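Novice: Quick one: the structure is below, and I'll ask about it shortly.
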Amino acid sequence: MGLQSALSTALTGISAAETTIDVVGNNLANSNTVGFKASRVAFATQFLQTLALGSMPTDNAGGTNPRQIGLGTMVADITPNHTQGTIEISANPTDLAIQGDGFFIVEGPGGQRLYTRNGIFKFNSAYELVTITGNRLLGFGVTDEFQIDRTVLVPLTIPLGVTAVAQATQNAYLQGNLRPNGDLAVQAQEIRTGILGDGRYSAPTTKASTIFATPPNVGGAGTSGTSISDPAGGLTPGATYQYRFVWYSPLAPEDLAESSPSEPITVTVDAAHNAIRLEDLPTSPPLAGPSGPYSMIRVYRRNVSAGEETFRLVGEQAFDIGTFVDTMDDVTAGGQPLLMDGLITGNYTYYITFATSPGGPGVGIESRPSPITDPININNGRVLLYNLPQADPNNPNDAIWQVRRIYRCLANNSSEFHFVAEIPNTTEPWTITDRLSDTEIRTNPLIDLDGPKIIPSTPLVQVLKRDGAIYERIFEPGVLLFNGKKGGRELGIKEFTITESTTVQDLIDFMAEAFGIRSPTDDPINPIPGDSGTGLSPGGRVTADGRIVFLGNNGVDNALDIGLSGLQLRTQTETRTVNLPWFVSQQAIGESAVTDFLVYDSLGIPIRVRLTMVLEERTSATTTYRWYADSPDNDPAEGAKIAVGTGRITFDGEGNFISATNTRVTIERRHVASRSPLEFELDFSQISGLATARSTVAVTRQDGSPPGVLSSFIIGEDGIIRGVFSNGVTRNLGQIRLARFANPAGLEQRGENLYAEGVNSGLPIEGDPGQQGIGSIIAGAVELSNTDIGGNLIDLIVASTMYRGNTRVIGTVQQLLDELLSLRR
């Protein structure tokens with residue numbers, strides 16, 4: 001019995017030594033494994049054989065101890081040593097070490113949570129941080145706005161070279177000097193077009209016919225006169241009379257109805273007679289015929305014997321009768337005189353207009369004029385105008401016209417046209433015989449070559465620009481590209497769609513917004529001052545004489561201008577420059593300064609901003625400038641507004657900045673995916689108000705940035721992964737989470753430096769590095785194995801000695817058994 005128990009006891013010792021050698025061997029094998037925690041073996045006695053329980057002391061005896069024989073040993077515990085390993089610096093930024101308690105949380109097969117101290121991480125093809133055995137590192141991710149999402153653990157991703165980010169501008173910082181001793185900005189620049197016509201009103205489109213109004217050719221007709229007796233005769237017997245004849249049109253103004261007068265015919269009345277028969281009168285007026293320009297002949301007479309010098313009308317008749325009997329007495333013949341001096345000489349051109357009301361120029365609406373003749377050169381004669389253009393009363397566009405007006409230039413000024421006559425607008429063949437001298441018509445009203453003027457409701461496609469006698473429609477349906485200037489600097493192109501119904505007022509509203517013109521109400525607390533030169537508020541308007549006028553805001557750098565190519569029209573077939581010159585009608589006055597700079601929206605899109613400062617007010621104690629912010633990239637829901645802010649800056653008597661109002665600039669971003677509006681603050685605090693040579697201002701910096709890709713990253717002690725982008729912006733990419741256990745020795749080892757929650761480890765306590773008793777993270781470093789090589793080698797010697805000692809016990813038992821068996825012999 002005793003020898004057999006000795007054998008089993010020695011066997012337990014050998015088994016314990018083997019376990020020790022296994023554990024020590026594992027420790028030594030992992031002495032270079034990052035994050036490895038060495039283990040140690042603890043033994044306990046296995047069983048005891050009690051030979052005697054012993055006795056307690058008595059009065060006669062001192063007592064005895066129990067007599068027990070041990071029956072061997074057993075492995076009571078194999079405990080990992082979770083003390084901190086040595087931290088070694090690494091060149092790899094994804095190598096991580098935990099300084100203190102805690103474990104990295106990784107994702108095992110099937111999504112199981114596992115834990116490790118091995119901080120060697122690398123990237124997989126999805127830019128995820130994984131262990132060297134492919135387990136994903138878990139932590140908190142980020143939202144679309146790069147805020148830590150603390151709701152659920154996810155695999156941590158660092159997408160180098162892939163993720164792009166931009167920084168929206170929040171602040172812009174200015175420096176410079178705004179001098180107090182310049183001219184006050186009290187006058188704005190005004191620009192205007194030439195006179196523009198309204199093409200909705202029709203105009204004459206055909207020319208008239210013209211010939212020289214030649215006199216009746218009495219010589220060629222053989223005209224003669226004889227005295228006769230007539231019951232109705234009233235001529236003075238024995239008196240000598242002279243006659244002149246003119247061609248006459250009853251469809252003409254009375255004073256412009258006759259041709260030039262003929263040569264005189266002299267006839268003497270016999271003593272026994274009282275009338276004169278004129279025979280062989282001319283019967284071939286110009287363009288003869290009942291409907292011709294001249295349908296009648298008129299007879300004028302003077303009594304030579306009575307000393308009369310003026311020929312007076314004695315009768316008229318159809319041009320083709322050929323004879324005329326004059327019975328009119330001398331008293332009755334004192335009527336309408338013959339216009340002998342109505343002969344003109346010069347080179348003339350005629351125009352015609354339609355009008356809505358009779359009464360001459362200035363009455364009713366008058367159409368734009370049309371030339372009805374080429375230049376006519378006449379010498380001491382009269383001009384007959386016939387086949388005059390007519391407005392068609394059956395045409396809706398012509399139905400308003402009631403009369404026609406004739407104009408003629410001066411002989412010495414071919415561009416100065418005066419009113420000649422007005423005739424009804426009828427289908428009858430009205431004519432004009434022009435006999436008016438330049439002296440006579442010079443006092444008549446001038447022609448309005450531009451015709452009806454535009455008004456705000458005039459459709460743009462009906463706007464006309466006159467070039468001499470040519471009227472050009474300057475707009476048509478399409479897209480208008482407007483690139484105005486302010487202070488000599490282009491503002492940027494804005495687009496305006498023109499349709500058949502787009503009006504002049506629509507264009508004015510668009511251009512005023514595209515110019516960034518402010519009205520006084522744009523700053524309700526400190527209203528923007530108006531212009532002292534015109535007394536008007538800034539903006540656009542149509543003048544009574546048909547001009548489009550824009551009045552800007554005060555100050556030189558707010559001066560409006562439109563270059564020759566500032567208006568371009570893109571149609572389906574071409575893009576052309578709009579032929580609409582602009583002229584400066586008032587110069588801007590006022591000290592000012594301007595600067596252009598870029599800001600960025602939430603997508604990193606660069607946005608142009610112009611800041612203009614003008615000297616608005618000066619007192620004995622302060623100097624006040626007004627600032628205007630314009631952005632051609634302002635993108636409202638509708639319209640072309642570029643004005644994005646205005647306010648005032650005040651300096652004290654030493655040039656120190658005191659205050660600024662309305663310092664927030666708001667830029668709409670309605671038609672792009674950017675966050676709208678973009679709002680940022682202007683910091684004027686570094687601007688001074690000293691009396692330098694000139695005012696200057698500049699934006700020294702702003703905190704926005706264009707898009708940039710992730711170029712590097714930093715992992716902090718708190719586990720937050722901060723990405724550094726190529727544009728200099730830093731954003732959070734995630735946060736590493738750690739876990740600790742009440743009894744880390746109770747964790748279940750899964751190999752590959754991984755642990756799983758064990759039944760005696762306690763639940764994992766998750767937290768941020770550096771909090772809740774959890775260690776911090778050191779990036780670019782690894783935690784080495786905590787194997788004590790020296791100690792483990794000694795343990796190995798002790799274990800091997802133990803093993804040999806127990807084998808000796810077995811050998812000794814064998815010898816004793818052999819001796820026992822030899823007793824038989």
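All residue names refer to the structure tokens as shown: chains lettered A, B, ... in order, residues numbered from 1 in each chain, ligands numbered from 1 in order.
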Residues near range 190-196 of chain A, anyone? I mean within 9 Å using only C-alpha atoms, not counting same-chain ones fewer than 5 positions away, as JSON, numbers by chain.
Specialist: {"A": [450, 451, 452, 453, 454, 463, 464, 465, 466, 545, 546, 547, 548, 549, 550, 551, 552, 559, 560, 561, 562, 580, 581, 582, 583, 584, 585, 586, 587, 588]}
Novice: Output N, CA, C and O atoms of each residue in that selection to a file, as a compact mmCIF listing (two decimals), in the first residue's frame.
Specialist:
# COMPACT_ATOMS: atom_id res chain seq x y z
N ASP A 450 -37.39 109.61 -82.86
CA ASP A 450 -37.43 108.36 -82.11
C ASP A 450 -38.83 107.80 -81.95
O ASP A 450 -38.99 106.64 -81.58
N GLY A 451 -39.84 108.61 -82.20
CA GLY A 451 -41.20 108.11 -82.10
C GLY A 451 -41.64 107.87 -80.68
O GLY A 451 -41.04 108.40 -79.73
N PRO A 452 -42.67 107.04 -80.47
CA PRO A 452 -43.15 106.77 -79.10
C PRO A 452 -42.03 106.18 -78.25
O PRO A 452 -41.29 105.30 -78.69
N LYS A 453 -41.93 106.65 -77.02
CA LYS A 453 -40.84 106.23 -76.15
C LYS A 453 -41.25 105.01 -75.32
O LYS A 453 -42.42 104.77 -75.07
N ILE A 454 -40.24 104.28 -74.92
CA ILE A 454 -40.51 103.14 -74.07
C ILE A 454 -41.09 103.61 -72.74
O ILE A 454 -40.82 104.71 -72.28
N VAL A 463 -38.43 96.99 -77.96
CA VAL A 463 -37.57 98.16 -77.72
C VAL A 463 -36.76 98.44 -78.98
O VAL A 463 -36.11 97.54 -79.53
N LEU A 464 -36.81 99.70 -79.44
CA LEU A 464 -36.12 100.10 -80.66
C LEU A 464 -35.01 101.10 -80.35
O LEU A 464 -35.16 101.97 -79.50
N LYS A 465 -33.93 100.95 -81.10
CA LYS A 465 -32.83 101.92 -81.04
C LYS A 465 -32.66 102.48 -82.44
O LYS A 465 -32.58 101.73 -83.42
N ARG A 466 -32.61 103.80 -82.52
CA ARG A 466 -32.52 104.46 -83.83
C ARG A 466 -31.08 104.75 -84.21
O ARG A 466 -30.30 105.22 -83.39
N ASP A 545 -38.34 110.83 -71.55
CA ASP A 545 -37.88 110.87 -72.94
C ASP A 545 -37.39 109.50 -73.42
O ASP A 545 -36.70 109.40 -74.43
N GLY A 546 -37.73 108.42 -72.69
CA GLY A 546 -37.48 107.08 -73.19
C GLY A 546 -36.07 106.57 -72.97
O GLY A 546 -35.57 105.79 -73.78
N ARG A 547 -35.43 106.92 -71.90
CA ARG A 547 -34.10 106.42 -71.58
C ARG A 547 -34.17 105.51 -70.35
O ARG A 547 -34.95 105.77 -69.43
N ILE A 548 -33.34 104.48 -70.34
CA ILE A 548 -33.16 103.66 -69.14
C ILE A 548 -32.00 104.26 -68.35
O ILE A 548 -30.91 104.45 -68.88
N VAL A 549 -32.27 104.56 -67.08
CA VAL A 549 -31.29 105.26 -66.24
C VAL A 549 -31.07 104.44 -64.98
O VAL A 549 -32.01 103.93 -64.38
N PHE A 550 -29.80 104.32 -64.59
CA PHE A 550 -29.45 103.70 -63.31
C PHE A 550 -28.64 104.69 -62.48
O PHE A 550 -27.67 105.28 -62.98
N LEU A 551 -29.04 104.83 -61.24
CA LEU A 551 -28.33 105.66 -60.28
C LEU A 551 -27.79 104.74 -59.19
O LEU A 551 -28.56 104.02 -58.53
N GLY A 552 -26.47 104.71 -59.02
CA GLY A 552 -25.85 103.80 -58.06
C GLY A 552 -25.86 104.38 -56.66
O GLY A 552 -26.53 105.36 -56.35
N ALA A 559 -19.27 103.43 -58.40
CA ALA A 559 -19.66 103.99 -59.69
C ALA A 559 -20.05 102.88 -60.67
O ALA A 559 -19.29 101.95 -60.91
N LEU A 560 -21.25 102.99 -61.24
CA LEU A 560 -21.77 101.98 -62.17
C LEU A 560 -21.22 102.22 -63.56
O LEU A 560 -20.98 103.35 -63.99
N ASP A 561 -21.06 101.12 -64.29
CA ASP A 561 -20.61 101.23 -65.68
C ASP A 561 -20.99 99.93 -66.38
O ASP A 561 -21.06 98.86 -65.77
N ILE A 562 -21.22 100.05 -67.70
CA ILE A 562 -21.48 98.88 -68.54
C ILE A 562 -20.63 99.04 -69.79
O ILE A 562 -20.78 100.01 -70.54
N LEU A 580 -26.40 98.51 -77.32
CA LEU A 580 -27.06 99.44 -76.41
C LEU A 580 -25.99 100.17 -75.60
O LEU A 580 -25.68 99.79 -74.47
N PRO A 581 -25.40 101.23 -76.17
CA PRO A 581 -24.36 101.97 -75.43
C PRO A 581 -24.93 102.67 -74.20
O PRO A 581 -26.11 103.06 -74.17
N TRP A 582 -24.08 102.83 -73.18
CA TRP A 582 -24.44 103.52 -71.95
C TRP A 582 -23.50 104.71 -71.76
O TRP A 582 -22.31 104.63 -72.05
N PHE A 583 -24.08 105.79 -71.28
CA PHE A 583 -23.33 107.04 -71.13
C PHE A 583 -23.42 107.51 -69.68
O PHE A 583 -24.45 107.34 -69.02
N VAL A 584 -22.33 108.09 -69.20
CA VAL A 584 -22.30 108.63 -67.84
C VAL A 584 -22.92 110.01 -67.86
O VAL A 584 -22.45 110.91 -68.55
N SER A 585 -23.99 110.19 -67.10
CA SER A 585 -24.66 111.48 -67.03
C SER A 585 -24.35 112.22 -65.73
O SER A 585 -24.67 113.40 -65.59
N GLN A 586 -23.74 111.53 -64.75
CA GLN A 586 -23.30 112.18 -63.51
C GLN A 586 -22.20 111.34 -62.90
O GLN A 586 -22.32 110.12 -62.79
N GLN A 587 -21.11 111.99 -62.51
CA GLN A 587 -19.97 111.30 -61.93
C GLN A 587 -20.16 111.09 -60.43
O GLN A 587 -20.77 111.91 -59.74
N ALA A 588 -19.62 109.97 -59.95
CA ALA A 588 -19.67 109.68 -58.52
C ALA A 588 -18.62 110.50 -57.77
O ALA A 588 -17.55 110.80 -58.30
Novice: Write out as a Markdown table the residues of range 555-619 of chain A that have any atom within 10 Å of an atom of range 655-669 of chain A, one row each with the nearest atom pair and its distance in Å to one decimal, counting only C-alpha atoms, sorted by chain and then rising number.
Specialist:
| residue | atom | partner | partner_atom | distance |
| --- | --- | --- | --- | --- |
| A:Asp601 | CA | A:Arg669 | CA | 8.4 |
| A:Ser602 | CA | A:Arg669 | CA | 9.9 |
| A:Ile607 | CA | A:Ile667 | CA | 9.0 |
| A:Val609 | CA | A:Ile667 | CA | 9.5 |
Novice: Using only C-alpha atoms, which protein or nucleic acid residues come within 7 Å of Thr502 in chain A? Drop anything in the same chain fewer than 4 positions from it, and give the result as a PyMOL selection string.
Specialist: chain A and resi 459-460+498+506
Novice: Could the residues in this selection be written to a file with N, CA and C atoms, as a CSV table (one decimal), in the first residue's frame?
Specialist:
chain,number,residue,atom,x,y,z
A,459,PRO,N,-42.7,95.7,-73.8
A,459,PRO,CA,-42.0,94.5,-74.0
A,459,PRO,C,-40.6,94.7,-74.5
A,460,LEU,N,-39.6,94.0,-73.9
A,460,LEU,CA,-38.2,94.1,-74.4
A,460,LEU,C,-38.1,93.9,-75.8
A,498,ILE,N,-35.2,86.3,-71.6
A,498,ILE,CA,-36.1,87.2,-72.2
A,498,ILE,C,-37.1,86.4,-73.0
A,506,ASP,N,-38.9,94.6,-66.0
A,506,ASP,CA,-38.3,93.4,-65.6
A,506,ASP,C,-36.8,93.5,-65.8
Novice: One decimal, in Å: what's the spacing between CA of Leu178 in chain A and CA of Val599 in chain A?
Specialist: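 Spanning CA of Leu178 in chain A to CA of Val599 in chain A is a straight-line distance of 23.0 Å.
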Novice: Might you pull out every residue within 7 Å of Arg298 in chain A, with only C-alpha atoms counted and same-chain residues fewer than 2 positions away left off, and present them as a PyMOL selection string?
Specialist: chain A and resi 245-248+296+300+315-317
Novice: Could you give me, as a ChimeraX atom specification, each residue of range 174-264 of chain A that DSSP assigns to alpha helix (DSSP H) when run on this structure's backbone?
Specialist: /A:218-221
